[in-house]
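*Asks:* The structure file entry24.cif (mmCIF, C-alpha atoms) is provided below.
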data_protein
loop_
_atom_site.label_atom_id
_atom_site.label_comp_id
_atom_site.auth_asym_id
_atom_site.auth_seq_id
_atom_site.Cartn_x
_atom_site.Cartn_y
_atom_site.Cartn_z
CA MET Z 1 2.19 -4.45 -23.67
CA ALA Z 2 3.26 -5.38 -20.15
CA HIS Z 3 2.42 -8.77 -18.85
CA LEU Z 4 2.53 -10.48 -15.50
CA LEU Z 5 5.01 -13.24 -14.78
CA SER Z 6 4.16 -15.32 -11.71
CA THR Z 7 5.74 -18.05 -9.69
CA PHE Z 8 4.93 -21.30 -11.49
CA CYS Z 9 4.70 -21.48 -15.26
CA SER Z 10 5.98 -23.42 -18.24
CA LEU Z 11 8.20 -22.01 -20.93
CA LYS Z 12 7.17 -21.59 -24.54
CA ILE Z 13 9.59 -19.51 -26.58
CA SER Z 14 7.95 -17.41 -29.30
CA SER Z 15 10.93 -15.23 -30.23
CA ASP Z 16 13.76 -15.85 -32.62
CA ARG Z 17 16.15 -14.52 -29.98
CA ASP Z 18 16.56 -17.87 -28.26
CA THR Z 19 19.97 -16.99 -26.83
CA SER Z 20 18.75 -13.99 -24.84
CA SER Z 21 15.54 -15.67 -23.71
CA ALA Z 22 17.42 -18.71 -22.50
CA TYR Z 23 19.95 -16.53 -20.66
CA LEU Z 24 17.33 -14.43 -18.88
CA ASN Z 25 15.19 -17.43 -17.98
CA ARG Z 26 17.83 -19.90 -16.82
CA GLY Z 27 16.35 -22.43 -14.43
CA LEU Z 28 12.75 -21.55 -15.28
CA THR Z 29 11.56 -24.65 -17.10
CA LYS Z 30 12.15 -26.97 -14.16
CA TYR Z 31 9.26 -25.57 -12.15
CA CYS Z 32 6.64 -24.62 -14.63
CA SER Z 33 2.85 -24.90 -16.36
CA SER Z 34 1.63 -22.38 -19.01
CA PHE Z 35 3.07 -19.19 -20.27
CA THR Z 36 4.31 -17.50 -23.40
CA ILE Z 37 7.40 -15.34 -23.54
CA GLN Z 38 8.38 -12.74 -26.13
CA ALA Z 39 11.58 -10.75 -26.45
CA SER Z 40 11.13 -6.99 -26.04
CA ASP Z 41 12.96 -4.91 -28.63
CA PHE Z 42 12.97 -1.72 -26.58
CA LEU Z 43 15.80 -2.43 -24.15
CA CYS Z 44 17.82 -4.37 -26.75
CA LYS Z 45 17.60 -1.49 -29.19
CA ARG Z 46 18.58 1.06 -26.55
CA LEU Z 47 21.61 -0.96 -25.42
CA ASP Z 48 22.57 -1.79 -28.98
CA GLN Z 49 22.44 1.87 -30.08
CA GLN Z 50 24.78 2.79 -27.24
CA GLY Z 51 27.16 -0.07 -28.03
CA ILE Z 52 26.73 -1.77 -24.65
CA PHE Z 53 25.31 -5.14 -25.71
CA PRO Z 54 24.97 -7.21 -28.85
CA ARG Z 55 21.35 -7.46 -29.99
CA ARG Z 56 21.07 -11.10 -28.99
CA LEU Z 57 21.02 -10.04 -25.30
CA CYS Z 58 17.68 -8.42 -24.57
CA ALA Z 59 14.83 -8.16 -22.11
CA VAL Z 60 11.65 -10.21 -22.10
CA ARG Z 61 7.97 -9.77 -21.42
CA ALA Z 62 5.71 -12.59 -20.40
CA THR Z 63 2.09 -13.52 -19.73
CA VAL Z 64 0.66 -16.09 -17.37
CA LEU Z 65 -2.60 -17.21 -15.86
CA PRO Z 66 -3.23 -16.73 -12.12
CA LEU Z 67 -1.86 -19.50 -9.95
CA SER Z 68 -3.71 -21.68 -7.51
CA GLN Z 69 -2.93 -21.12 -3.85
CA GLU Z 70 -0.21 -23.21 -2.29
CA ALA Z 71 -0.12 -24.44 1.30
CA LYS Z 72 0.09 -21.48 3.68
CA VAL Z 73 2.51 -20.93 6.51
CA LYS Z 74 2.09 -18.60 9.45
CA PRO Z 75 2.18 -15.03 8.07
CA GLY Z 76 4.52 -12.35 9.31
CA SER Z 77 3.08 -9.34 11.07
CA GLY Z 78 3.52 -5.79 9.90
CA SER Z 79 1.88 -2.65 8.63
CA GLY Z 80 0.85 -4.36 5.40
CA GLU Z 81 -1.34 -6.84 7.29
CA THR Z 82 -5.04 -6.07 7.28
CA HIS Z 83 -7.32 -6.87 10.19
CA ASP Z 84 -10.43 -5.67 8.36
CA LYS Z 85 -11.67 -8.37 6.00
CA ALA Z 86 -13.32 -5.74 3.82
CA SER Z 87 -10.02 -3.94 3.30
CA LYS Z 88 -7.07 -5.09 1.23
CA PRO Z 89 -3.35 -5.25 2.03
CA LYS Z 90 -1.29 -2.38 0.67
CA ARG Z 91 0.09 -3.08 -2.81
CA VAL Z 92 3.76 -2.18 -3.25
CA MET Z 93 5.60 -2.16 -6.58
CA ILE Z 94 9.37 -2.58 -6.22
CA ILE Z 95 11.21 -1.37 -9.30
CA GLY Z 96 14.64 -3.00 -9.44
CA GLY Z 97 13.41 -5.81 -7.20
CA ASP Z 98 15.95 -8.33 -8.52
CA GLY Z 99 18.84 -6.21 -7.22
CA TYR Z 100 20.67 -6.17 -3.90
CA CYS Z 101 18.42 -3.77 -1.95
CA GLY Z 102 15.32 -4.49 -4.01
CA TRP Z 103 15.29 -8.25 -3.44
CA ALA Z 104 15.73 -7.97 0.32
CA THR Z 105 12.98 -5.32 0.41
CA ALA Z 106 10.59 -7.43 -1.67
CA LEU Z 107 10.92 -10.41 0.67
CA HIS Z 108 10.66 -8.28 3.79
CA LEU Z 109 7.47 -6.53 2.66
CA SER Z 110 5.92 -9.76 1.41
CA ASN Z 111 6.62 -11.34 4.78
CA LYS Z 112 4.93 -8.34 6.40
CA ASN Z 113 1.78 -9.12 4.37
CA TYR Z 114 2.07 -6.45 1.72
CA GLU Z 115 1.08 -7.49 -1.79
CA VAL Z 116 4.34 -7.15 -3.71
CA ALA Z 117 5.23 -6.87 -7.37
CA ILE Z 118 8.78 -6.77 -8.73
CA VAL Z 119 9.49 -4.77 -11.89
CA ASP Z 120 12.93 -5.38 -13.38
CA SER Z 121 14.64 -5.52 -16.77
CA LEU Z 122 17.26 -7.97 -15.40
CA VAL Z 123 19.91 -5.75 -16.98
CA ARG Z 124 22.04 -5.88 -13.80
CA ARG Z 125 22.65 -9.57 -14.45
CA LEU Z 126 23.66 -8.72 -18.01
CA PHE Z 127 26.21 -6.19 -16.71
CA ASP Z 128 27.90 -9.03 -14.82
CA HIS Z 129 27.79 -11.21 -17.94
CA GLN Z 130 29.31 -8.47 -20.08
CA LEU Z 131 32.08 -7.44 -17.67
CA GLY Z 132 32.99 -10.96 -16.56
CA LEU Z 133 31.86 -10.29 -12.98
CA ASP Z 134 29.74 -12.30 -10.57
CA SER Z 135 28.34 -12.19 -7.09
CA LEU Z 136 30.56 -13.99 -4.58
CA THR Z 137 27.41 -15.65 -3.26
CA PRO Z 138 25.74 -17.53 -6.13
CA ILE Z 139 22.23 -16.17 -6.76
CA ALA Z 140 19.33 -18.05 -8.32
CA SER Z 141 17.33 -16.75 -11.27
CA ILE Z 142 14.56 -14.34 -10.32
CA GLN Z 143 11.98 -16.93 -11.37
CA ASN Z 144 13.47 -19.56 -9.07
CA ARG Z 145 13.79 -17.04 -6.24
CA ILE Z 146 10.08 -16.22 -6.43
CA ARG Z 147 9.11 -19.88 -6.82
CA CYS Z 148 11.16 -20.75 -3.73
CA TRP Z 149 9.59 -17.93 -1.69
CA LYS Z 150 6.08 -19.13 -2.55
CA SER Z 151 6.89 -22.75 -1.76
CA LEU Z 152 8.23 -21.74 1.68
CA THR Z 153 5.64 -19.14 2.66
CA GLY Z 154 2.62 -19.55 0.40
CA LYS Z 155 2.97 -15.87 -0.57
CA ASN Z 156 2.92 -14.64 -4.16
CA ILE Z 157 5.29 -12.03 -5.54
CA ASP Z 158 4.22 -10.83 -9.00
CA LEU Z 159 6.97 -10.28 -11.55
CA TYR Z 160 6.94 -7.85 -14.49
CA ILE Z 161 10.01 -8.07 -16.73
CA GLY Z 162 10.69 -5.01 -18.87
CA ASP Z 163 12.37 -1.63 -19.16
CA ILE Z 164 10.90 1.35 -17.28
CA CYS Z 165 12.25 3.62 -20.03
CA ASP Z 166 9.61 1.96 -22.23
CA PHE Z 167 6.54 3.92 -21.10
CA GLU Z 168 4.10 1.55 -22.82
CA PHE Z 169 5.46 -1.31 -20.71
CA LEU Z 170 5.40 0.75 -17.53
CA ALA Z 171 1.88 2.06 -18.14
CA GLU Z 172 0.49 -1.44 -18.64
CA THR Z 173 2.33 -2.60 -15.53
CA PHE Z 174 0.78 0.19 -13.43
CA LYS Z 175 -2.70 -0.55 -14.81
CA SER Z 176 -2.28 -4.27 -14.19
CA PHE Z 177 -0.94 -4.13 -10.63
CA GLY Z 178 -2.42 -0.86 -9.32
CA PRO Z 179 0.22 0.06 -6.70
CA ASP Z 180 -0.47 2.01 -3.51
CA ALA Z 181 3.27 2.66 -3.19
CA VAL Z 182 6.26 2.43 -5.50
CA VAL Z 183 9.79 1.73 -4.22
CA HIS Z 184 12.24 2.83 -6.90
CA PHE Z 185 15.55 0.94 -6.83
CA GLY Z 186 15.63 0.69 -10.63
CA GLU Z 187 18.62 2.93 -11.25
CA GLN Z 188 22.10 2.16 -12.54
CA ARG Z 189 23.79 2.79 -9.19
CA SER Z 190 27.50 2.41 -9.90
CA ALA Z 191 29.52 5.59 -10.48
CA PRO Z 192 32.52 3.51 -11.69
CA TYR Z 193 30.29 1.77 -14.25
CA SER Z 194 29.02 5.10 -15.56
CA MET Z 195 32.61 6.26 -16.10
CA ILE Z 196 33.88 3.24 -18.07
CA ASP Z 197 33.12 4.92 -21.40
CA ARG Z 198 30.74 7.29 -23.17
CA SER Z 199 28.10 4.64 -23.93
CA ARG Z 200 27.77 3.66 -20.29
CA ALA Z 201 27.65 7.28 -19.19
CA VAL Z 202 24.81 7.88 -21.65
CA PHE Z 203 23.01 4.70 -20.57
CA THR Z 204 23.26 5.68 -16.90
CA GLN Z 205 21.85 9.16 -17.41
CA GLN Z 206 19.09 7.98 -19.73
CA ASN Z 207 18.12 5.00 -17.60
CA ASN Z 208 18.04 6.96 -14.36
CA VAL Z 209 16.54 10.27 -15.49
CA ILE Z 210 14.09 9.05 -18.15
CA GLY Z 211 13.12 6.01 -16.11
CA THR Z 212 12.25 8.18 -13.11
CA LEU Z 213 10.32 10.63 -15.32
CA ASN Z 214 8.32 7.72 -16.71
CA ILE Z 215 7.48 6.57 -13.19
CA LEU Z 216 6.27 10.07 -12.26
CA PHE Z 217 4.03 10.26 -15.33
CA ALA Z 218 2.72 6.74 -14.66
CA ILE Z 219 1.79 7.74 -11.11
CA LYS Z 220 0.07 10.90 -12.39
CA GLU Z 221 -1.90 9.09 -15.07
CA PHE Z 222 -2.74 5.76 -13.45
CA SER Z 223 -2.24 5.93 -9.67
CA GLU Z 224 -2.60 9.48 -8.33
CA GLU Z 225 -2.73 8.43 -4.68
CA CYS Z 226 0.43 6.34 -5.01
CA HIS Z 227 3.38 7.21 -2.74
CA LEU Z 228 6.85 7.17 -4.30
CA ALA Z 229 9.78 6.09 -2.10
CA SER Z 230 13.08 6.16 -3.90
CA SER Z 231 16.85 6.20 -3.62
CA PHE Z 232 19.03 7.79 -6.29
CA TYR Z 233 22.65 7.72 -7.31
CA HIS Z 234 25.51 10.06 -8.23
CA LEU Z 235 24.98 12.99 -10.63
CA SER Z 236 21.68 11.76 -12.05
CA LYS Z 237 20.25 12.24 -8.55
CA VAL Z 238 20.28 16.01 -9.04
CA HIS Z 239 18.01 15.72 -12.08
CA ASP Z 240 15.77 13.15 -10.40
CA SER Z 241 15.32 15.16 -7.22
CA HIS Z 242 14.43 18.30 -9.16
CA ASN Z 243 11.95 16.41 -11.34
CA ILE Z 244 10.28 14.75 -8.36
CA ALA Z 245 10.09 17.98 -6.37
CA PHE Z 246 8.53 19.74 -9.37
CA THR Z 247 5.87 17.06 -9.93
CA CYS Z 248 4.99 17.10 -6.23
CA LYS Z 249 4.37 20.83 -6.51
CA ALA Z 250 2.64 20.77 -9.90
CA TRP Z 251 0.66 17.51 -9.74
CA GLY Z 252 0.31 16.87 -6.02
CA ILE Z 253 2.41 13.67 -6.10
CA ARG Z 254 3.59 12.44 -2.71
CA ALA Z 255 7.25 11.38 -2.55
CA THR Z 256 9.96 10.40 -0.10
CA ASP Z 257 13.58 10.67 -1.25
CA LEU Z 258 15.66 8.19 0.75
CA ASN Z 259 19.25 9.46 0.77
CA GLN Z 260 20.72 6.08 1.49
CA GLY Z 261 24.15 5.40 2.90
CA VAL Z 262 26.38 2.49 1.93
CA VAL Z 263 24.56 -0.78 2.62
CA TYR Z 264 26.41 -3.82 3.94
CA GLY Z 265 25.51 -7.42 4.77
CA VAL Z 266 23.75 -10.18 2.87
CA ARG Z 267 21.51 -11.66 5.55
CA THR Z 268 17.91 -10.87 6.41
CA ASP Z 269 15.41 -13.11 8.19
CA GLU Z 270 13.86 -13.91 4.82
CA THR Z 271 17.00 -14.60 2.78
CA GLU Z 272 18.20 -17.02 5.45
CA LEU Z 273 15.22 -19.32 4.85
CA HIS Z 274 16.73 -21.04 1.80
CA GLU Z 275 19.86 -20.86 -0.35
CA GLU Z 276 17.78 -19.86 -3.42
CA LEU Z 277 16.67 -16.72 -1.55
CA ARG Z 278 20.15 -15.47 -0.69
CA ASN Z 279 21.29 -12.04 -1.75
CA ARG Z 280 24.24 -11.02 -3.85
CA LEU Z 281 27.67 -10.02 -2.50
CA ASP Z 282 29.58 -7.78 -4.90
CA TYR Z 283 33.29 -7.27 -4.26
CA ASP Z 284 34.65 -6.04 -7.60
CA GLY Z 285 35.82 -2.54 -8.44
CA VAL Z 286 32.68 -1.67 -10.41
CA PHE Z 287 29.79 -2.67 -8.15
CA GLY Z 288 31.51 -3.71 -4.93
CA THR Z 289 31.98 -1.56 -1.83
CA ALA Z 290 35.19 -0.82 0.07
CA LEU Z 291 33.96 -2.95 2.99
CA ASN Z 292 33.25 -5.98 0.78
CA ARG Z 293 36.62 -5.54 -0.94
CA PHE Z 294 38.43 -5.39 2.40
CA CYS Z 295 36.69 -8.56 3.63
CA LEU Z 296 37.68 -10.42 0.47
CA GLN Z 297 41.27 -9.20 0.69
CA ALA Z 298 41.49 -10.26 4.33
CA ALA Z 299 40.12 -13.71 3.50
CA VAL Z 300 42.65 -14.35 0.72
CA GLY Z 301 45.65 -12.85 2.55
CA HIS Z 302 45.98 -9.70 0.43
CA PRO Z 303 46.73 -6.37 2.17
CA LEU Z 304 43.72 -4.10 2.54
CA THR Z 305 44.07 -1.39 -0.11
CA VAL Z 306 43.10 1.98 1.35
CA TYR Z 307 42.70 4.69 -1.27
CA GLY Z 308 44.92 7.65 -0.46
CA LYS Z 309 44.70 8.99 3.10
CA GLY Z 310 41.58 6.96 3.89
CA GLY Z 311 39.66 9.83 5.44
CA GLN Z 312 36.74 9.49 3.00
CA THR Z 313 33.70 9.26 5.30
CA ARG Z 314 30.22 7.98 4.50
CA GLY Z 315 27.06 6.84 6.26
CA TYR Z 316 26.48 3.08 6.55
CA LEU Z 317 23.63 0.74 7.42
CA ASP Z 318 22.91 -2.97 7.55
CA ILE Z 319 20.64 -4.44 4.85
CA ARG Z 320 18.22 -5.38 7.66
CA ASP Z 321 17.97 -1.70 8.59
CA THR Z 322 17.51 -0.79 4.91
CA VAL Z 323 14.34 -2.87 4.56
CA GLN Z 324 13.04 -1.49 7.85
CA CYS Z 325 13.57 2.09 6.61
CA VAL Z 326 11.68 1.41 3.39
CA GLU Z 327 8.80 -0.17 5.30
CA LEU Z 328 8.60 2.85 7.63
CA ALA Z 329 8.49 5.23 4.65
CA ILE Z 330 5.67 3.21 3.05
CA ALA Z 331 3.68 2.89 6.27
CA ASN Z 332 4.01 6.65 6.91
CA PRO Z 333 3.59 8.20 3.44
CA ALA Z 334 4.19 11.80 2.51
CA GLN Z 335 1.16 14.04 2.18
CA PRO Z 336 -0.21 14.90 -1.30
CA GLY Z 337 2.12 17.47 -2.83
CA GLU Z 338 4.86 16.83 -0.25
CA PHE Z 339 8.46 16.08 -1.26
CA ARG Z 340 10.44 15.02 1.79
CA VAL Z 341 14.02 13.82 2.18
CA PHE Z 342 15.15 11.23 4.73
CA ASN Z 343 18.84 10.53 5.33
CA GLN Z 344 18.95 6.76 5.61
CA PHE Z 345 21.93 5.47 7.61
CA THR Z 346 22.70 4.38 11.16
CA GLU Z 347 26.49 4.83 11.47
CA GLN Z 348 29.35 6.63 9.78
CA PHE Z 349 32.91 5.47 9.10
CA SER Z 350 35.99 6.61 7.27
CA VAL Z 351 37.79 4.16 4.98
CA ARG Z 352 40.59 3.95 7.58
CA GLU Z 353 38.06 3.00 10.25
CA LEU Z 354 36.58 0.30 7.99
CA ALA Z 355 40.06 -1.16 7.46
CA ALA Z 356 40.64 -1.20 11.23
CA LEU Z 357 37.30 -3.01 11.77
CA VAL Z 358 38.16 -5.65 9.18
CA THR Z 359 41.64 -6.07 10.67
CA ARG Z 360 40.18 -6.80 14.12
CA ALA Z 361 37.58 -9.11 12.61
CA GLY Z 362 40.24 -11.00 10.68
CA GLU Z 363 42.30 -11.51 13.83
CA LYS Z 364 39.28 -13.14 15.49
CA LEU Z 365 39.23 -15.61 12.58
CA GLY Z 366 42.97 -16.28 12.88
CA LEU Z 367 43.85 -14.22 9.83
CA LYS Z 368 46.91 -12.00 9.56
CA VAL Z 369 45.58 -8.78 8.06
CA GLU Z 370 47.79 -5.97 6.81
CA THR Z 371 46.82 -2.56 5.43
CA MET Z 372 48.52 -0.56 2.70
CA SER Z 373 47.81 2.87 1.23
CA VAL Z 374 47.53 2.99 -2.56
CA PRO Z 375 47.17 5.96 -4.93
CA ASN Z 376 43.55 7.01 -5.08
CA PRO Z 377 42.05 6.26 -8.54
CA ARG Z 378 39.14 8.61 -7.76
CA VAL Z 379 39.00 12.39 -7.89
CA GLU Z 380 37.74 13.10 -4.37
CA ALA Z 381 38.69 14.77 -1.10
CA GLU Z 382 40.56 12.27 1.07
CA GLU Z 383 39.91 14.27 4.25
CA HIS Z 384 36.68 16.24 4.65
CA TYR Z 385 33.99 17.49 7.00
CA TYR Z 386 31.05 15.12 7.44
CA ASN Z 387 28.17 15.85 9.79
CA VAL Z 388 24.90 14.47 8.43
CA LYS Z 389 21.71 14.30 10.50
CA HIS Z 390 19.42 11.28 10.31
CA SER Z 391 16.62 11.88 12.78
CA LYS Z 392 13.46 11.55 10.65
CA LEU Z 393 13.45 7.76 10.30
CA ILE Z 394 14.33 7.37 13.99
CA GLU Z 395 11.31 9.55 14.81
CA LEU Z 396 9.16 7.21 12.68
CA GLY Z 397 10.36 4.23 14.70
CA LEU Z 398 13.63 3.00 13.18
CA LYS Z 399 15.27 0.74 15.73
CA SER Z 400 18.76 -0.24 14.70
CA THR Z 401 19.58 -2.82 17.33
CA PRO Z 402 23.23 -3.27 18.38
CA PRO Z 403 23.66 -6.63 16.59
CA PHE Z 404 23.04 -4.80 13.30
CA ARG Z 405 25.78 -2.26 14.00
CA LEU Z 406 29.03 -2.73 12.12
CA SER Z 407 31.00 -4.19 15.03
CA SER Z 408 34.00 -6.48 14.85
CA ARG Z 409 31.62 -9.40 15.39
CA LEU Z 410 29.43 -8.49 12.42
CA THR Z 411 32.46 -7.76 10.27
CA ALA Z 412 33.88 -11.15 11.26
CA GLU Z 413 30.60 -12.73 10.08
CA LEU Z 414 31.00 -10.98 6.73
CA CYS Z 415 34.64 -12.11 6.43
CA ASN Z 416 33.55 -15.64 7.32
CA SER Z 417 30.84 -15.51 4.62
CA VAL Z 418 33.51 -14.49 2.12
CA GLN Z 419 35.71 -17.38 3.21
CA ARG Z 420 32.87 -19.91 2.86
CA SER Z 421 31.85 -18.56 -0.54
CA GLY Z 422 35.43 -18.62 -1.79
#
Please render this file's structure as structure tokens.

*Replies:*
Amino acid sequence: MAHLLSTFCSLKISSDRDTSSAYLNRGLTKYCSSFTIQASDFLCKRLDQQGIFPRRLCAVRATVLPLSQEAKVKPGSGSGETHDKASKPKRVMIIGGDGYCGWATALHLSNKNYEVAIVDSLVRRLFDHQLGLDSLTPIASIQNRIRCWKSLTGKNIDLYIGDICDFEFLAETFKSFGPDAVVHFGEQRSAPYSMIDRSRAVFTQQNNVIGTLNILFAIKEFSEECHLASSFYHLSKVHDSHNIAFTCKAWGIRATDLNQGVVYGVRTDETELHEELRNRLDYDGVFGTALNRFCLQAAVGHPLTVYGKGGQTRGYLDIRDTVQCVELAIANPAQPGEFRVFNQFTEQFSVRELAALVTRAGEKLGLKVETMSVPNPRVEAEEHYYNVKHSKLIELGLKSTPPFRLSSRLTAELCNSVQRSG
């Protein structure tokens, strides 16, 4: 059974897996009033079978009573806001809402007066725990994040903790929340992570492909009018795209595939409101990006390590543009039976160009930044043709203002954030 976890509650452990429950609910008891938590065997068993985690580390499910309304602040304006008292705000379920893109999107849509629910297994935090990694910017527990958001804005974000590969959990979550739109960020996104060993390769494929299939069946069975907006990763994307396109044709599902570029930045209007709302900044070789790695290297005086020739080119966009793109896709849904693809980026850079940007940014901060070429650990073309169009979101109203472009000034801000965090 899936159960709703809300902002303020008190902890009562009913599982013998105290270690995992305590880990996943760090910081919860300080703010709470009445709820029961039980460990879910599904995710633990799946990770244990694949040799990724010991059984003591597992997901949780929880139940709570509705909360009384807190003091309200002036609401944000946006397409989720309703001016007809008889109508209701659009309900958006964000799968993977505790992650980098998901958390920023959840806050942005909540601020725009959508009713938001986060669905997450919290397994991304366990990856850090297992690999000895951490965000450079300390991040609060998901319970404290949501509590803080409500205390600042008066807005609720519902939280469902569980594994989307467990269809029973997902079905109950859909029936409980009743989404008008689903934003799917709940995939294992790191290609390097998937290539560490066989067990992680299997986990990545199973999590991404089966999880997405479960979402499609949940939409078909419990929320036929729901619009799916999603972003997929590496090879599993091929399977996901085919499955989504097929269900659109066969079942009339409406879906938007957001082919997202590399996202940078940690700041949005919402995450800047309080330190407990801040987003993660990954810089390691598993989950970090080349840009984040370069900024860290510049801050600590290490040469920027460019892989091979440095001609690898990708699309990029600021996290503030990311949340705007998702909102535009939700506000302008696909038609029943339509499977559409939007390329989601605002700029494109080669690795060499990123290194040059960071070098100029470091000089503005008084840093001496050097660049060195290192053997490329990846099997990839180091020089290639790249000419991707991205007009659809612009036609819907995407306005990437100059301050959000990856200029030397913005890169200097990122380097400065790294320095302060270090």

*Asks:* Which residues fall under the PyMOL selection byres ((chain Z and resi 295) around 8) in this file, as a PyMOL selection string?

*Replies:* chain Z and resi 291-294+296-299+358+411+414-415+418

*Asks:* To one decimal in Å, tell me the separation between CA of Glu221 in chain Z and CA of Asn259 in chain Z.

*Replies:*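 Answer for the CA of Glu221 in chain Z to CA of Asn259 in chain Z separation: 26.4 Å.
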
*Asks:* List the residues matched by the PyMOL selection byres ((chain Z and resi 315) around 6) in the displayed structure as a list in words, ordered by chain and then by residue number.

*Replies:* Gly261, Arg314, Tyr316, Phe345, Glu347 and Gln348 of chain Z

*Asks:* Determine the residue membership of the PyMOL selection byres ((chain Z and resi 118) around 8) for the file above and supply it as a list of chain:residue names.

*Replies:* Z:Met93, Z:Ile94, Z:Ile95, Z:Gly96, Z:Gly97, Z:Asp98, Z:Ala106, Z:Val116, Z:Ala117, Z:Val119, Z:Asp120, Z:Ile157, Z:Asp158, Z:Leu159, Z:Tyr160

*Asks:* Find the residues near range 386-396 of chain Z: any atom within 8 Å, counting all atoms listed in the file, skip ones fewer than 5 places away on the same chain, and give them as a ChimeraX atom specification.

*Replies:* /Z:313-314,325,328-329,332,342-346

*Asks:* So, with only C-alpha atoms as the atoms that count, which of Z:Arg378, Z:Lys155, Z:His129, Z:Arg280 lies closest to Pro192 in chain Z?

*Replies:*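 So, comparing all the options, the nearest one is Z:Arg378.
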
*Asks:* Which distance in Å separates CA of Phe339 in chain Z and CA of Gln260 in chain Z, to one decimal?

*Replies:* 16.1 Å

*Asks:* Name all residues at most 12 Å from Asp257 in chain Z (count all atoms listed in the file; drop same-chain ones fewer than 5 positions away) and give them as an NGL selection string.

*Replies:* :Z and (182-185 or 227-233 or 237-238 or 240-245 or 248 or 325-326 or 329-330 or 333-334 or 338-344 or 392-393)

*Asks:* I'd like the interatomic distance between CA of Asp163 in chain Z and CA of Pro179 in chain Z, to a tenth of an Å.

*Replies:*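 Separating CA of Asp163 in chain Z from CA of Pro179 in chain Z is a distance of 17.5 Å.
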
*Asks:* Excluding range 203-205 of chain Z and any residue of its chain fewer than 6 positions from it, enumerate the residues within 7 Å of it, using only C-alpha atoms, and give them as a list in words.

*Replies:*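 Near neighbours after the sequence-gap exclusion: Gln188, Ser194 and Ser236 of chain Z.
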